[in-house]
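This is model_29.txt (compact mmCIF, C-alpha atoms).
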```
# COMPACT_ATOMS: atom_id res chain seq x y z
CA MET A 1 101.94 67.61 -7.58
CA PHE A 2 103.80 64.29 -7.34
CA ARG A 3 106.85 66.02 -6.08
CA PHE A 4 104.89 67.86 -3.48
CA ALA A 5 103.04 64.74 -2.45
CA SER A 6 106.22 62.72 -2.12
CA LEU A 7 107.66 65.33 0.20
CA VAL A 8 104.60 65.13 2.35
CA VAL A 9 104.66 61.36 2.30
CA ALA A 10 108.32 61.38 3.27
CA VAL A 11 107.64 63.62 6.22
CA LEU A 12 104.68 61.58 7.35
CA LEU A 13 106.41 58.23 6.96
CA LEU A 14 109.31 59.46 8.97
CA THR A 15 107.27 60.68 11.82
CA VAL A 16 104.28 58.39 12.13
CA PRO A 17 106.18 55.83 14.19
CA LEU A 18 105.98 58.46 16.89
CA ALA A 19 102.25 58.12 16.94
CA GLN A 20 102.69 54.48 17.84
CA GLY A 21 102.20 53.11 21.28
CA GLN A 22 98.55 52.59 20.42
CA GLY A 23 96.99 49.98 18.10
CA ASN A 24 99.41 47.11 18.62
CA ASP A 25 97.62 44.74 16.24
CA PRO A 26 100.28 43.93 13.61
CA LEU A 27 97.65 43.30 10.94
CA SER A 28 95.49 46.32 11.58
CA PHE A 29 94.15 48.37 8.70
CA ASN A 30 95.98 51.74 8.47
CA ARG A 31 98.75 50.54 10.70
CA LEU A 32 100.69 53.82 10.56
CA MET A 33 97.87 56.32 10.77
CA PRO A 34 97.06 57.87 14.14
CA SER A 35 93.67 56.48 14.92
CA PRO A 36 90.94 59.07 15.45
CA ASP A 37 89.97 57.44 18.72
CA THR A 38 93.32 58.09 20.36
CA ARG A 39 93.18 61.79 19.47
CA ASN A 40 92.39 64.35 22.13
CA ALA A 41 92.56 61.61 24.75
CA PRO A 42 91.20 62.02 28.28
CA PRO A 43 93.94 63.18 30.69
CA ALA A 44 94.02 59.83 32.49
CA GLU A 45 94.96 58.06 29.25
CA ASP A 46 97.27 60.59 27.63
CA GLY A 47 100.58 59.28 28.97
CA ILE A 48 101.63 62.43 30.83
CA HIS A 49 98.96 62.78 33.54
CA ASP A 50 99.16 60.46 36.53
CA ALA A 51 96.03 58.31 36.31
CA ALA A 52 96.33 57.56 40.03
CA SER A 53 96.04 61.23 40.96
CA GLU A 54 92.63 62.51 41.99
CA GLY A 55 93.21 65.80 40.19
CA THR A 56 93.67 64.08 36.84
CA HIS A 57 90.10 62.82 36.89
CA MET A 58 88.70 66.27 37.56
CA LEU A 59 90.29 67.70 34.41
CA GLN A 60 88.38 68.19 31.19
CA THR A 61 88.78 65.80 28.26
CA PRO A 62 89.83 67.69 25.12
CA ARG A 63 87.74 65.42 22.91
CA GLU A 64 84.56 66.51 24.67
CA ALA A 65 85.50 70.17 24.78
CA PHE A 66 86.31 70.14 21.05
CA GLN A 67 82.99 68.59 20.01
CA PRO A 68 81.40 71.87 18.88
CA LEU A 69 84.56 73.22 17.21
CA PRO A 70 85.50 73.07 13.51
CA GLU A 71 88.07 70.35 12.83
CA SER A 72 91.50 70.37 11.25
CA ASN A 73 93.74 67.43 10.54
CA ALA A 74 96.72 68.07 12.77
CA GLY A 75 97.83 69.56 16.07
CA ASN A 76 94.82 69.79 18.38
CA TYR A 77 92.66 68.70 15.43
CA VAL A 78 90.85 72.01 15.88
CA ASP A 79 90.74 74.74 13.25
CA TRP A 80 91.43 77.55 15.70
CA VAL A 81 91.23 80.32 13.10
CA THR A 82 87.70 79.36 12.06
CA ALA A 83 86.64 78.61 15.64
CA LEU A 84 87.50 82.19 16.52
CA GLN A 85 86.06 83.75 13.36
CA GLU A 86 82.75 81.98 13.78
CA GLU A 87 82.71 82.77 17.48
CA HIS A 88 82.59 79.17 18.64
CA ILE A 89 85.07 80.48 21.17
CA THR A 90 85.50 84.04 22.50
CA PRO A 91 88.83 84.08 24.29
CA ARG A 92 89.52 87.24 26.25
CA PHE A 93 91.96 89.78 24.84
CA ASP A 94 92.37 91.41 28.23
CA LEU A 95 92.84 89.59 31.52
CA ASN A 96 90.00 91.34 33.33
CA ASP A 97 87.86 93.01 30.69
CA PRO A 98 85.84 90.49 28.61
CA THR A 99 84.55 93.21 26.28
CA ARG A 100 87.92 94.41 24.97
CA ARG A 101 88.61 93.44 21.35
CA PRO A 102 91.97 93.23 19.57
CA THR A 103 92.97 95.79 16.97
CA VAL A 104 93.41 93.52 14.02
CA MET A 105 95.89 94.46 11.30
CA ASP A 106 95.04 93.22 7.83
CA LEU A 107 98.34 93.03 5.98
CA ASN A 108 99.50 90.03 3.99
CA ILE A 109 103.19 89.47 3.40
CA VAL A 110 104.05 87.26 0.45
CA ARG A 111 107.36 85.45 0.62
CA GLU A 112 108.45 84.10 -2.71
CA VAL A 113 109.87 80.62 -2.43
CA LYS A 114 112.62 79.35 -4.66
CA GLY A 115 111.90 76.01 -6.27
CA SER A 116 108.65 74.24 -6.72
CA MET A 117 106.72 74.97 -3.51
CA PRO A 118 103.92 77.54 -3.73
CA ASP A 119 104.78 80.94 -2.25
CA VAL A 120 104.20 81.61 1.43
CA VAL A 121 101.53 84.09 2.47
CA PHE A 122 101.89 85.41 5.99
CA PRO A 123 98.59 86.96 7.12
CA HIS A 124 98.86 89.58 9.87
CA LYS A 125 95.07 89.39 10.32
CA GLU A 126 94.88 85.86 11.73
CA HIS A 127 97.93 86.49 13.89
CA THR A 128 96.90 89.81 15.42
CA GLU A 129 93.60 88.20 16.47
CA TRP A 130 95.62 86.17 18.97
CA LEU A 131 98.91 87.91 19.43
CA ASP A 132 100.47 91.25 20.26
CA CYS A 133 102.87 92.88 17.78
CA SER A 134 105.57 92.48 20.44
CA ASN A 135 105.23 88.68 20.35
CA CYS A 136 106.95 88.78 16.96
CA HIS A 137 108.48 92.25 16.52
CA PRO A 138 111.36 92.79 16.80
CA ALA A 139 112.65 89.64 18.56
CA ILE A 140 111.54 87.07 15.96
CA PHE A 141 111.00 89.29 12.88
CA ILE A 142 112.27 92.76 11.97
CA PRO A 143 109.07 94.54 10.88
CA GLN A 144 110.16 95.18 7.33
CA ARG A 145 109.11 93.23 4.30
CA GLY A 146 111.91 90.95 3.09
CA ALA A 147 114.31 91.94 5.87
CA ASN A 148 114.28 88.51 7.49
CA GLN A 149 116.10 85.44 6.28
CA MET A 150 113.78 82.45 6.50
CA SER A 151 114.17 78.83 5.52
CA MET A 152 112.23 75.66 5.97
CA ALA A 153 115.12 73.98 7.74
CA GLU A 154 115.23 76.63 10.43
CA ILE A 155 111.45 76.61 10.79
CA MET A 156 111.61 72.86 11.40
CA LEU A 157 114.13 73.52 14.13
CA GLY A 158 111.83 75.96 15.84
CA GLU A 159 113.10 79.28 14.53
CA GLN A 160 111.01 82.01 12.83
CA CYS A 161 107.51 80.67 12.13
CA GLY A 162 108.56 77.51 13.99
CA ALA A 163 108.68 79.44 17.26
CA CYS A 164 104.92 78.82 17.38
CA HIS A 165 104.06 76.44 14.54
CA GLY A 166 104.91 72.91 15.62
CA ARG A 167 104.51 73.81 19.30
CA VAL A 168 101.22 75.57 19.92
CA ALA A 169 99.89 76.86 16.57
CA PHE A 170 99.16 74.32 13.79
CA PRO A 171 102.18 72.14 13.02
CA VAL A 172 104.60 72.42 10.14
CA THR A 173 103.23 69.37 8.32
CA ASP A 174 100.29 71.45 7.13
CA CYS A 175 102.39 72.74 4.21
CA ARG A 176 99.48 74.23 2.29
CA ALA A 177 98.32 76.47 5.09
CA CYS A 178 101.48 78.56 4.66
CA HIS A 179 102.46 77.71 1.10
CA SER A 180 99.10 78.93 -0.12
CA ARG A 181 99.82 81.07 -3.19
CA PRO A 182 100.31 78.98 -6.32
CA LYS A 183 103.05 80.13 -8.62
CA ASP A 184 101.85 81.47 -11.92
CA GLY A 185 103.11 80.79 -15.42
CA ALA A 186 105.44 78.04 -16.46
CA GLN A 187 106.18 76.79 -12.99
CA ALA A 188 102.55 76.15 -12.22
CA ALA A 189 102.14 74.34 -15.53
CA GLY A 190 105.21 72.31 -14.66
CA GLY A 191 103.16 70.19 -12.31
CA GLN A 192 102.24 71.91 -9.08
CA MET B 1 108.11 54.29 -1.43
CA THR B 2 106.29 56.03 -4.26
CA THR B 3 109.49 57.90 -4.96
CA THR B 4 111.52 54.80 -5.82
CA SER B 5 108.95 53.51 -8.27
CA ARG B 6 109.16 56.75 -10.24
CA SER B 7 112.90 57.22 -10.02
CA VAL B 8 113.49 55.93 -13.54
CA ILE B 9 111.91 59.00 -15.04
CA SER B 10 112.98 61.57 -12.52
CA SER B 11 113.68 65.09 -13.69
CA GLY B 12 116.07 67.52 -12.06
CA ALA B 13 113.27 69.09 -10.13
CA GLU B 14 112.12 65.75 -8.81
CA ARG B 15 115.60 64.98 -7.65
CA ALA B 16 115.56 68.32 -5.89
CA GLY B 17 112.32 67.28 -4.27
CA ARG B 18 113.86 64.09 -3.02
CA ARG B 19 116.91 65.91 -1.84
CA TRP B 20 114.49 67.91 0.21
CA SER B 21 112.82 64.89 1.67
CA ARG B 22 116.21 63.61 2.68
CA ARG B 23 117.10 66.91 4.25
CA LEU B 24 113.86 66.90 6.17
CA ALA B 25 114.59 63.35 7.22
CA VAL B 26 117.96 64.29 8.61
CA LEU B 27 116.37 67.17 10.45
CA LEU B 28 113.51 65.21 11.89
CA LEU B 29 115.34 62.13 13.07
CA PRO B 30 117.14 63.61 16.06
CA LEU B 31 113.89 65.21 17.13
CA ALA B 32 112.14 61.87 17.00
CA VAL B 33 114.76 60.31 19.20
CA ALA B 34 114.60 63.16 21.69
CA LEU B 35 110.91 62.62 22.52
CA PRO B 36 110.19 61.05 25.88
CA PRO B 37 108.64 57.62 25.30
CA GLY B 38 105.05 56.69 26.06
CA THR B 39 103.68 60.20 25.78
CA ALA B 40 102.33 59.81 22.26
CA ASP B 41 98.72 60.56 23.15
CA ALA B 42 99.34 63.74 25.13
CA GLU B 43 97.34 66.68 23.83
CA TYR B 44 99.19 68.91 21.38
CA ALA B 45 100.85 71.88 23.14
CA ASP B 46 100.48 70.52 26.68
CA VAL B 47 103.45 71.73 28.76
CA VAL B 48 105.07 69.65 31.50
CA LEU B 49 106.77 71.82 34.14
CA ASN B 50 109.24 69.96 36.28
CA ARG B 51 112.11 72.28 37.06
CA LEU B 52 111.51 72.13 40.80
CA SER B 53 108.42 70.06 41.53
CA GLU B 54 109.76 66.54 41.63
CA ALA B 55 112.86 67.57 43.54
CA ALA B 56 110.43 68.94 46.17
CA ASP B 57 108.42 65.69 46.18
CA MET B 58 105.52 67.14 44.21
CA ALA B 59 104.23 65.68 40.96
CA PRO B 60 105.19 67.71 37.87
CA VAL B 61 102.78 70.44 36.75
CA ILE B 62 100.84 70.09 33.50
CA PHE B 63 99.75 73.25 31.74
CA PRO B 64 97.18 72.67 28.98
CA HIS B 65 97.45 75.33 26.23
CA TRP B 66 94.23 74.18 24.53
CA PHE B 67 92.18 74.74 27.68
CA HIS B 68 93.54 78.22 28.26
CA ARG B 69 93.45 79.42 24.63
CA VAL B 70 89.73 78.72 24.53
CA ARG B 71 89.45 81.36 27.29
CA PHE B 72 92.32 83.76 26.64
CA ARG B 73 94.24 84.97 23.59
CA CYS B 74 97.95 84.18 23.61
CA LYS B 75 98.67 87.87 24.15
CA VAL B 76 97.13 87.88 27.65
CA CYS B 77 99.81 85.51 28.95
CA HIS B 78 102.65 86.15 26.54
CA SER B 79 102.91 89.93 26.30
CA ASP B 80 105.16 91.88 28.61
CA SER B 81 102.45 94.42 29.28
CA GLU B 82 100.30 91.75 30.93
CA LEU B 83 101.50 88.49 32.49
CA GLY B 84 104.84 88.31 30.71
CA PHE B 85 105.22 84.54 30.23
CA LYS B 86 108.25 84.06 27.98
CA MET B 87 107.46 81.86 24.97
CA ARG B 88 110.09 79.36 25.87
CA VAL B 89 109.44 76.26 27.91
CA GLY B 90 111.44 76.30 31.12
CA ALA B 91 112.35 79.98 30.79
CA ASN B 92 109.95 81.31 33.40
CA PRO B 93 111.21 81.12 36.98
CA MET B 94 107.95 79.89 38.52
CA ASP B 95 107.72 78.66 42.09
CA MET B 96 104.93 78.65 44.68
CA GLN B 97 106.12 81.80 46.37
CA ARG B 98 105.91 83.81 43.14
CA LEU B 99 102.53 82.28 42.35
CA GLN B 100 101.22 83.26 45.78
CA GLU B 101 102.38 86.81 45.15
CA GLY B 102 100.16 86.90 42.07
CA GLU B 103 102.74 86.26 39.39
CA TYR B 104 102.47 83.73 36.53
CA CYS B 105 99.69 81.19 37.12
CA GLY B 106 98.94 83.05 40.35
CA ALA B 107 97.66 86.08 38.41
CA CYS B 108 94.55 84.05 37.62
CA HIS B 109 94.54 81.06 39.97
CA ASN B 110 93.70 83.24 42.94
CA GLY B 111 90.06 82.34 43.62
CA GLN B 112 88.84 85.20 41.44
CA ILE B 113 89.56 84.66 37.75
CA ALA B 114 90.08 80.92 38.32
CA TRP B 115 90.16 78.53 41.27
CA GLY B 116 92.89 79.13 43.81
CA LEU B 117 96.28 77.66 44.59
CA GLU B 118 94.94 75.39 47.34
CA ASN B 119 93.91 72.90 44.63
CA CYS B 120 97.39 71.44 44.43
CA GLU B 121 96.45 68.25 42.60
CA LEU B 122 94.77 70.03 39.67
CA CYS B 123 98.12 71.52 38.60
CA HIS B 124 100.49 68.92 40.05
CA SER B 125 98.89 66.06 38.12
CA GLY B 126 101.82 64.83 36.00
CA LYS B 127 103.62 61.51 36.04
CA MET B 128 106.83 61.49 38.02
CA GLY B 129 109.98 61.41 35.94
CA LEU B 130 108.79 63.54 33.02
CA PRO B 131 111.22 66.24 31.90
CA THR B 132 110.11 69.84 31.38
CA HIS B 133 108.94 69.96 27.77
CA ILE B 134 106.12 70.78 25.39
CA LYS B 135 104.17 68.20 23.46
CA GLY B 136 104.57 69.02 19.78
CA GLY B 137 102.61 67.40 17.00
CA HIS B 138 103.39 63.78 16.33
CA GLU B 139 103.85 65.00 12.78
CA THR B 140 106.90 67.08 13.44
CA SER B 141 107.62 65.39 16.73
CA GLY B 142 108.14 68.60 18.42
CA PRO B 143 110.27 70.46 18.35
CA GLY B 144 110.05 70.73 22.13
CA ARG B 145 113.70 71.66 21.87
CA TRP B 146 114.79 74.86 23.45
```

Encoded form (structure tokens):
Amino acid sequence: MFRFASLVVAVLLLTVPLAQGQGNDPLSFNRLMPSPDTRNAPPAEDGIHDAASEGTHMLQTPREAFQPLPESNAGNYVDWVTALQEEHITPRFDLNDPTRRPTVMDLNIVREVKGSMPDVVFPHKEHTEWLDCSNCHPAIFIPQRGANQMSMAEIMLGEQCGACHGRVAFPVTDCRACHSRPKDGAQAAGGQ
Amino acid sequence: MTTTSRSVISSGAERAGRRWSRRLAVLLLPLAVALPPGTADAEYADVVLNRLSEAADMAPVIFPHWFHRVRFRCKVCHSDSELGFKMRVGANPMDMQRLQEGEYCGACHNGQIAWGLENCELCHSGKMGLPTHIKGGHETSGPGRW
């Protein structure tokens, strides 16, 4: 557990300075945590929209749009999987036909991880809700269990799972979402 | 921090853990430096498109993923059988002519599925000077590298 936590802490400590630019009070409580009130900022205050442009003020504020949605603690701060499952949102699967539903494939792929991290479970179900097989096969992954070399370093650099996670789908800091299957036996007892 | 205080009793596995943190550190640092400054509060997965806009005296375009994924699954835009957006920022040769012909954003922003292309300022709403990139999580700082 400690080991795992210290990895997480290391990652967070390294990257929180990026969330700066807000809260300039040197003595503020939780100096390095992104403050909830700068999350999902209105376009005019988000640093990329031009506040002087008329269009900017007609755009929707994510914070308001996300009000009814289940929360997560990274990325958009929205748990998109649950939002979809519980039908808080009903995004179209077809450009023109709002009644078409995806054909969901329920197949979990377990990737055993060397070392102390829990194994990775890749769920086809949650992915095929959003994506087409061709978004992953064969360009990112050969569709054969174990046929693809994967590593955390490459994922961090935007390969494999990192093609989406860290860009649009939930970011890579949410270790437990992927490393979700605890190891059994001695390793688990060894302090996971 | 916490790691140093426990280093006296570290086991092999813990050292491996720290080795990992260091490796992650080395990986993350260049990404941190590569981020354009002052954009920390941009919504996760917002895309700035500025391949041609600024050179043509238009503000850069901002494409909000969050807004569109509430309405459409990724597959609608990103599969070749439908709109065929490549999942790679900057890789789609978009310009106004193509949009007017119903490609890319123009497949929807045509006054039917969504408001039309005459609303220039709704798309061209970005700050001048921003490079084409995607806003990744502040946690991983990106990658936004491509």

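When atom CA of B:Ala59 is paired with atom CA of B:Arg71, their separation reads 25.5 Å.
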
With only C-alpha atoms as the counted atoms, please give the residues lying no more than 6 Å from stretch 164-180 of chain A, apart from itself and same-chain residues fewer than 6 positions off, as a list in words. Gly75, Pro118, Asp119, Val120 and Val121 of chain A; Ala45 and Gly136 of chain B

Could you check which of B:Ser125, B:Asn92, B:Thr132, B:Ser81 is closest to chain A, using all atoms listed in the file? B:Ser125

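The space between atom CA of A:Thr90 and atom CA of B:Phe67 spans 12.6 Å.
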
Can you tell me which residues surround B:Phe72 at a distance of at most 9 Å, considering all atoms listed in the file, apart from same-chain residues fewer than 6 positions away, and format the answer as a PDB file with C-alpha atoms, in the frame of the given file?
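File around-v1.pdb, as written:
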```
ATOM      1  CA  THR A  90      85.500  84.040  22.500  1.00  0.00           C
ATOM      2  CA  PRO A  91      88.830  84.080  24.290  1.00  0.00           C
ATOM      3  CA  ARG A  92      89.520  87.240  26.250  1.00  0.00           C
ATOM      4  CA  PHE A  93      91.960  89.780  24.840  1.00  0.00           C
ATOM      5  CA  ASP A  94      92.370  91.410  28.230  1.00  0.00           C
ATOM      6  CA  LEU A  95      92.840  89.590  31.520  1.00  0.00           C
ATOM      7  CA  TRP A 130      95.620  86.170  18.970  1.00  0.00           C
TER       8      TRP A 130
END
```

Shell around B:Leu130 at 9 Å using all atoms listed in the file, local window under 6 positions removed, as a CSV table (one decimal) with C-alpha atoms, in the coordinates of the input:
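result.csv written:
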```csv
chain,number,residue,atom,x,y,z
A,48,ILE,CA,101.6,62.4,30.8
B,36,PRO,CA,110.2,61.0,25.9
B,48,VAL,CA,105.1,69.6,31.5
B,49,LEU,CA,106.8,71.8,34.1
B,50,ASN,CA,109.2,70.0,36.3
B,60,PRO,CA,105.2,67.7,37.9
```

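Among the candidate residues B:Cys123, B:Cys105, B:Lys75, B:Gly129, the one lying nearest to B:Met87 is B:Lys75, with distances computed using all atoms listed in the file.
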
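Of the residues under consideration (B:Ile62, B:Leu122, B:Gln97, B:Gly102), B:Leu122 shows the shortest atom-to-atom contact distance to chain A when counting all atoms listed in the file.
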
Could you give me, as a PyMOL selection string, the residues that sit within 12 Å of (88.7, 80.8, 10.4) in the file's coordinates, counting all atoms listed in the file? chain A and resi 69-72+78-89+125-127+129+177

Axis-aligned box over every listed atom of stretch 59-64 of chain B, padded by 8 Å per side: centre and edges in Å to one decimal, as AutoDock Vina command-line options?
```
--center_x 101.2 --center_y 69.5 --center_z 35.0 --size_x 24.0 --size_y 23.6 --size_z 28.0
```

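Atom pair atom CA of B:Phe85 / atom CA of A:His57 has a distance of 27.3 Å (rounded to one decimal).
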
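Counting all atoms listed in the file and comparing B:His68, B:Arg88, B:Lys127, B:His109, the residue that lies closest to chain A is B:Lys127.
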
Expected file for stretch 51-84 of chain B keeping N, CA and C atoms, as a compact mmCIF listing (two decimals), in the first residue's frame:
```txt
# COMPACT_ATOMS: atom_id res chain seq x y z
N ARG B 51 -4.03 25.57 -37.23
CA ARG B 51 -3.10 25.29 -38.32
C ARG B 51 -3.12 26.43 -39.33
N LEU B 52 -4.33 26.94 -39.57
CA LEU B 52 -4.50 27.95 -40.63
C LEU B 52 -5.15 29.24 -40.15
N SER B 53 -5.92 29.15 -39.08
CA SER B 53 -6.78 30.27 -38.69
C SER B 53 -6.02 31.58 -38.50
N GLU B 54 -5.04 31.55 -37.59
CA GLU B 54 -4.39 32.81 -37.25
C GLU B 54 -3.66 33.41 -38.45
N ALA B 55 -3.07 32.53 -39.27
CA ALA B 55 -2.38 33.02 -40.46
C ALA B 55 -3.37 33.71 -41.40
N ALA B 56 -4.67 33.36 -41.28
CA ALA B 56 -5.69 33.99 -42.12
C ALA B 56 -6.45 35.06 -41.33
N ASP B 57 -5.82 35.54 -40.24
CA ASP B 57 -6.42 36.61 -39.43
C ASP B 57 -7.72 36.23 -38.73
N MET B 58 -7.92 34.94 -38.50
CA MET B 58 -9.07 34.51 -37.71
C MET B 58 -8.55 33.99 -36.38
N ALA B 59 -9.36 34.13 -35.32
CA ALA B 59 -8.96 33.55 -34.04
C ALA B 59 -8.92 32.03 -34.17
N PRO B 60 -8.07 31.35 -33.39
CA PRO B 60 -8.03 29.89 -33.44
C PRO B 60 -9.39 29.29 -33.08
N VAL B 61 -9.63 28.06 -33.54
CA VAL B 61 -10.88 27.36 -33.26
C VAL B 61 -10.73 26.55 -31.98
N ILE B 62 -11.77 26.53 -31.14
CA ILE B 62 -11.74 25.65 -29.98
C ILE B 62 -12.85 24.62 -30.08
N PHE B 63 -12.44 23.36 -30.06
CA PHE B 63 -13.39 22.25 -30.13
C PHE B 63 -13.51 21.60 -28.76
N PRO B 64 -14.69 21.70 -28.13
CA PRO B 64 -14.86 21.09 -26.81
C PRO B 64 -15.31 19.63 -26.91
N HIS B 65 -14.45 18.68 -26.52
CA HIS B 65 -14.85 17.27 -26.53
C HIS B 65 -16.02 17.02 -25.59
N TRP B 66 -15.94 17.61 -24.37
CA TRP B 66 -16.98 17.31 -23.36
C TRP B 66 -18.36 17.62 -23.90
N PHE B 67 -18.49 18.75 -24.59
CA PHE B 67 -19.80 19.19 -25.07
C PHE B 67 -20.33 18.23 -26.13
N HIS B 68 -19.45 17.75 -26.98
CA HIS B 68 -19.88 16.87 -28.06
C HIS B 68 -20.09 15.44 -27.58
N ARG B 69 -19.32 14.98 -26.58
CA ARG B 69 -19.49 13.58 -26.16
C ARG B 69 -20.75 13.39 -25.34
N VAL B 70 -21.32 14.47 -24.83
CA VAL B 70 -22.61 14.39 -24.18
C VAL B 70 -23.69 14.07 -25.22
N ARG B 71 -23.44 14.46 -26.48
CA ARG B 71 -24.43 14.31 -27.55
C ARG B 71 -24.15 13.19 -28.54
N PHE B 72 -22.87 12.85 -28.68
CA PHE B 72 -22.47 11.82 -29.65
C PHE B 72 -21.42 10.90 -29.04
N ARG B 73 -21.48 9.62 -29.37
CA ARG B 73 -20.40 8.70 -28.98
C ARG B 73 -19.18 9.03 -29.84
N CYS B 74 -18.03 8.68 -29.33
CA CYS B 74 -16.77 8.94 -30.04
C CYS B 74 -16.84 8.41 -31.48
N LYS B 75 -17.46 7.23 -31.59
CA LYS B 75 -17.50 6.50 -32.85
C LYS B 75 -18.11 7.32 -33.99
N VAL B 76 -19.09 8.19 -33.67
CA VAL B 76 -19.75 8.97 -34.71
C VAL B 76 -18.71 9.84 -35.45
N CYS B 77 -17.82 10.48 -34.69
CA CYS B 77 -16.82 11.33 -35.32
C CYS B 77 -15.59 10.54 -35.76
N HIS B 78 -15.19 9.56 -34.94
CA HIS B 78 -13.87 8.97 -35.15
C HIS B 78 -13.85 7.67 -35.93
N SER B 79 -14.99 7.21 -36.48
CA SER B 79 -14.86 5.99 -37.28
C SER B 79 -14.89 6.34 -38.76
N ASP B 80 -14.16 5.57 -39.52
CA ASP B 80 -14.04 5.87 -40.95
C ASP B 80 -15.36 5.73 -41.67
N SER B 81 -16.25 4.90 -41.13
CA SER B 81 -17.52 4.70 -41.81
C SER B 81 -18.44 5.92 -41.65
N GLU B 82 -18.17 6.77 -40.66
CA GLU B 82 -18.97 7.99 -40.56
C GLU B 82 -18.12 9.22 -40.90
N LEU B 83 -17.79 10.05 -39.89
CA LEU B 83 -17.15 11.32 -40.24
C LEU B 83 -15.65 11.21 -40.46
N GLY B 84 -15.03 10.19 -39.92
CA GLY B 84 -13.63 9.93 -40.23
C GLY B 84 -12.60 10.90 -39.66
```
